[in-house]
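Below: the structure, in structure tokens.
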Amino acid sequence: QVQLVESGGGLVQPGGSLRLSCAASGFKFSSYFMRWYRQAPGKERELVAGITSTGGVTNYADSVKGRFTISRDNAKNTVYLQMNTLKPEDTAVYYCNTMVPPIGYWGQGTQVTVSS
């Protein structure tokens, strides 16, 4: 059974940093593209970052380029999102996602709140 479990969220001041983790199980993690999404209150869920199965290629939403870094450790079945220079508008629930055809899987999410 595919499971994605996020952790690492919390309350941080503007300009601060957090590292999110997503522990995966139930599928061959090293073979699949992984993504981080976020959803702020009253807004649609948006793609934040993605990473190929080997970690060789990454992509980012324009709003986080230069501040966020996605990475993965295939030996630990874990994908990370390093978030630096956080802004209040980064406040959202962050979700880990993968597509193991034909089903897309989501974690339960982890809350990130950026506030002074």
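Letters for chains follow the order of the structure tokens (A, B, ...), residue numbers begin at 1 for each chain, and ligand numbers begin at 1 in the order shown.
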
Pick out each residue of chain A that DSSP on the backbone tags as strand (DSSP E); I need them as a ChimeraX atom specification.
-> /A:3-7,10-12,18-25,34-39,46-51,58-60,68-73,78-83,92-100,103-106,110-114

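The neighbours of A:Glu46 here are the residues that come within 12 Å of it, using only C-alpha atoms and leaving out any residue fewer than 5 positions away in the same chain; they are A:Arg35, A:Trp36, A:Tyr37, A:Arg38, A:Gln39, A:Ala40, A:Pro41, A:Tyr60, A:Ala61, A:Asp62, A:Ser63, A:Val64, A:Asp90, A:Ala92, A:Val93, A:Tyr94, A:Tyr95, A:Cys96, A:Asn97.
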
Tell me which protein, DNA and RNA residues are within 7 Å of stretch 16-24 of chain A, counting only C-alpha atoms, leaving out same-chain ones fewer than 5 positions away, and put them as a compact mmCIF listing (two decimals) with all heavy atoms, in the first residue's frame.
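Once written, result.txt looks like this:
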```
# COMPACT_ATOMS: atom_id res chain seq x y z
N GLN A 3 2.11 4.78 0.76
CA GLN A 3 1.95 5.77 1.83
C GLN A 3 2.98 6.88 1.66
O GLN A 3 4.14 6.62 1.35
CB GLN A 3 2.11 5.14 3.21
CG GLN A 3 0.92 4.31 3.65
CD GLN A 3 0.96 3.99 5.14
OE1 GLN A 3 2.01 3.66 5.67
NE2 GLN A 3 -0.17 4.09 5.80
N LEU A 4 2.52 8.10 1.89
CA LEU A 4 3.38 9.28 1.89
C LEU A 4 3.12 10.02 3.20
O LEU A 4 1.97 10.36 3.48
CB LEU A 4 3.07 10.18 0.70
CG LEU A 4 3.22 9.56 -0.69
CD1 LEU A 4 2.68 10.51 -1.76
CD2 LEU A 4 4.67 9.22 -0.98
N VAL A 5 4.16 10.26 3.97
CA VAL A 5 4.01 10.89 5.27
C VAL A 5 4.92 12.10 5.35
O VAL A 5 6.16 11.98 5.38
CB VAL A 5 4.32 9.91 6.41
CG1 VAL A 5 4.15 10.61 7.76
CG2 VAL A 5 3.43 8.68 6.33
N GLU A 6 4.30 13.29 5.40
CA GLU A 6 5.06 14.54 5.48
C GLU A 6 5.36 14.90 6.93
O GLU A 6 4.58 14.57 7.84
CB GLU A 6 4.29 15.70 4.83
CG GLU A 6 3.94 15.52 3.38
CD GLU A 6 2.54 14.98 3.17
OE1 GLU A 6 2.01 14.32 4.08
OE2 GLU A 6 1.95 15.21 2.10
N SER A 7 6.44 15.63 7.11
CA SER A 7 6.80 16.15 8.42
C SER A 7 7.67 17.38 8.22
O SER A 7 8.15 17.64 7.12
CB SER A 7 7.53 15.09 9.26
OG SER A 7 8.73 14.71 8.62
N GLY A 8 7.87 18.11 9.32
CA GLY A 8 8.79 19.24 9.29
C GLY A 8 8.14 20.61 9.24
O GLY A 8 8.85 21.62 9.28
N GLY A 9 6.83 20.66 9.15
CA GLY A 9 6.17 21.96 9.13
C GLY A 9 6.20 22.61 10.49
O GLY A 9 6.65 22.03 11.48
N PHE A 29 10.19 3.58 -4.77
CA PHE A 29 10.38 5.02 -4.70
C PHE A 29 11.35 5.53 -5.74
O PHE A 29 11.12 6.56 -6.39
CB PHE A 29 10.85 5.38 -3.30
CG PHE A 29 11.14 6.83 -3.09
CD1 PHE A 29 10.12 7.74 -2.88
CD2 PHE A 29 12.46 7.30 -3.08
CE1 PHE A 29 10.38 9.08 -2.67
CE2 PHE A 29 12.74 8.64 -2.88
CZ PHE A 29 11.69 9.54 -2.67
N ASN A 77 14.18 6.48 0.82
CA ASN A 77 12.80 6.62 0.33
C ASN A 77 12.16 7.92 0.81
O ASN A 77 11.00 7.95 1.25
CB ASN A 77 11.94 5.44 0.77
CG ASN A 77 12.25 4.16 0.01
OD1 ASN A 77 13.11 4.15 -0.88
ND2 ASN A 77 11.60 3.08 0.36
N THR A 78 12.92 9.00 0.71
CA THR A 78 12.46 10.28 1.25
C THR A 78 12.74 11.40 0.26
O THR A 78 13.81 11.43 -0.36
CB THR A 78 13.16 10.58 2.59
OG1 THR A 78 12.86 9.52 3.51
CG2 THR A 78 12.67 11.89 3.18
N VAL A 79 11.78 12.29 0.14
CA VAL A 79 11.95 13.51 -0.65
C VAL A 79 11.86 14.70 0.31
O VAL A 79 11.11 14.65 1.30
CB VAL A 79 10.92 13.61 -1.79
CG1 VAL A 79 9.49 13.63 -1.26
CG2 VAL A 79 11.19 14.79 -2.69
N TYR A 80 12.65 15.72 0.02
CA TYR A 80 12.76 16.88 0.90
C TYR A 80 12.38 18.16 0.17
O TYR A 80 12.47 18.23 -1.06
CB TYR A 80 14.19 17.01 1.41
CG TYR A 80 14.73 15.79 2.11
CD1 TYR A 80 15.53 14.88 1.42
CD2 TYR A 80 14.45 15.55 3.44
CE1 TYR A 80 16.02 13.75 2.05
CE2 TYR A 80 14.93 14.42 4.08
CZ TYR A 80 15.72 13.53 3.38
OH TYR A 80 16.21 12.41 4.01
N LEU A 81 12.00 19.15 0.94
CA LEU A 81 11.81 20.49 0.41
C LEU A 81 12.46 21.46 1.39
O LEU A 81 11.95 21.68 2.49
CB LEU A 81 10.34 20.82 0.22
CG LEU A 81 10.08 22.15 -0.49
CD1 LEU A 81 10.53 22.09 -1.95
CD2 LEU A 81 8.59 22.54 -0.42
N GLN A 82 13.61 21.98 1.00
CA GLN A 82 14.29 23.00 1.79
C GLN A 82 13.73 24.35 1.42
O GLN A 82 13.78 24.74 0.24
CB GLN A 82 15.80 22.96 1.54
CG GLN A 82 16.58 24.02 2.28
CD GLN A 82 16.58 23.83 3.78
OE1 GLN A 82 16.76 22.72 4.27
NE2 GLN A 82 16.36 24.91 4.52
N MET A 83 13.20 25.06 2.39
CA MET A 83 12.55 26.34 2.14
C MET A 83 13.30 27.43 2.89
O MET A 83 13.37 27.40 4.12
CB MET A 83 11.09 26.29 2.60
CG MET A 83 10.31 25.14 1.99
SD MET A 83 8.56 25.18 2.41
CE MET A 83 8.63 24.95 4.18
N ASN A 84 13.87 28.35 2.14
CA ASN A 84 14.62 29.46 2.72
C ASN A 84 13.93 30.78 2.41
O ASN A 84 13.10 30.87 1.51
CB ASN A 84 16.04 29.48 2.17
CG ASN A 84 16.82 28.23 2.51
OD1 ASN A 84 16.60 27.61 3.55
ND2 ASN A 84 17.75 27.85 1.64
N THR A 85 14.32 31.80 3.14
CA THR A 85 13.78 33.15 2.95
C THR A 85 12.25 33.10 2.85
O THR A 85 11.62 33.63 1.92
CB THR A 85 14.36 33.80 1.68
OG1 THR A 85 15.76 33.50 1.56
CG2 THR A 85 14.20 35.32 1.72
N LEU A 86 11.65 32.47 3.82
CA LEU A 86 10.21 32.27 3.79
C LEU A 86 9.46 33.59 3.92
O LEU A 86 9.91 34.52 4.62
CB LEU A 86 9.79 31.31 4.89
CG LEU A 86 10.06 29.83 4.56
CD1 LEU A 86 10.08 28.98 5.81
CD2 LEU A 86 9.02 29.32 3.57
N CYS A 96 2.98 16.16 -0.22
CA CYS A 96 3.83 15.33 -1.06
C CYS A 96 2.93 14.54 -2.02
O CYS A 96 1.81 14.14 -1.65
CB CYS A 96 4.60 14.38 -0.14
SG CYS A 96 5.76 13.31 -0.94
```

For stretch 51-54 of chain A: contacts at 6 Å, only C-alpha atoms, fewer than 3 positions along chain excluded, given as an NGL selection string = :A and (30-34 or 57-58)

For the selection you just gave me, I'd like the residues written to a file as a JSON list (two decimals), in the first residue's frame, keeping C-alpha atoms.
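File produced: part.json:
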```
[["chain", "number", "residue", "atom", "x", "y", "z"],
["A", 30, "SER", "CA", 13.51, 5.29, -6.81],
["A", 31, "SER", "CA", 11.50, 4.82, -10.01],
["A", 32, "TYR", "CA", 9.03, 7.66, -9.63],
["A", 33, "PHE", "CA", 8.83, 11.39, -10.09],
["A", 34, "MET", "CA", 7.96, 13.18, -6.86],
["A", 57, "VAL", "CA", 16.21, 17.24, -12.93],
["A", 58, "THR", "CA", 14.13, 19.57, -10.80]]
```

From a DSSP calculation on the backbone, collect every residue of chain A in helix (DSSP H, G or I) and output the set as a list of chain:residue names.
-> A:Phe29, A:Ser30, A:Ser31, A:Pro88, A:Glu89, A:Asp90

For the residues in that selection, give me C-alpha atoms as a PDB file, in the first residue's frame.
```
ATOM      1  CA  PHE A  29      10.375   5.025  -4.701  1.00  0.00           C
ATOM      2  CA  SER A  30      13.515   5.294  -6.812  1.00  0.00           C
ATOM      3  CA  SER A  31      11.504   4.817 -10.014  1.00  0.00           C
ATOM      4  CA  PRO A  88       3.995  35.161   4.743  1.00  0.00           C
ATOM      5  CA  GLU A  89       2.553  34.166   1.371  1.00  0.00           C
ATOM      6  CA  ASP A  90       4.267  30.781   1.701  1.00  0.00           C
TER       7      ASP A  90
END
```

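The closest residue to A:Lys76, picked from A:Ser25, A:Asn59, A:Gly107, A:Thr113 and counting only C-alpha atoms, is A:Ser25.
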
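Distance-wise, atom CA of A:Gly56 and atom CA of A:Glu44 end up 28.5 Å apart.
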
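Relative to atom CA of A:Gly15, atom CA of A:Phe68 is found at 12.3 Å.
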
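If you measure from each of A:Thr110, A:Leu11, A:Ala49, A:Gly26 to A:Ser71 using only C-alpha atoms, the closest one turns out to be A:Ala49.
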
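Among the candidate residues A:Val12, A:Pro102, A:Gln111, A:Gly55, the one lying nearest to A:Asp73 is A:Gly55, with distances computed using only C-alpha atoms.
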
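Nearest residue to A:Thr98, choosing from A:Gly42, A:Gly50, A:Gly10, A:Gly66 and counting only C-alpha atoms: A:Gly50.
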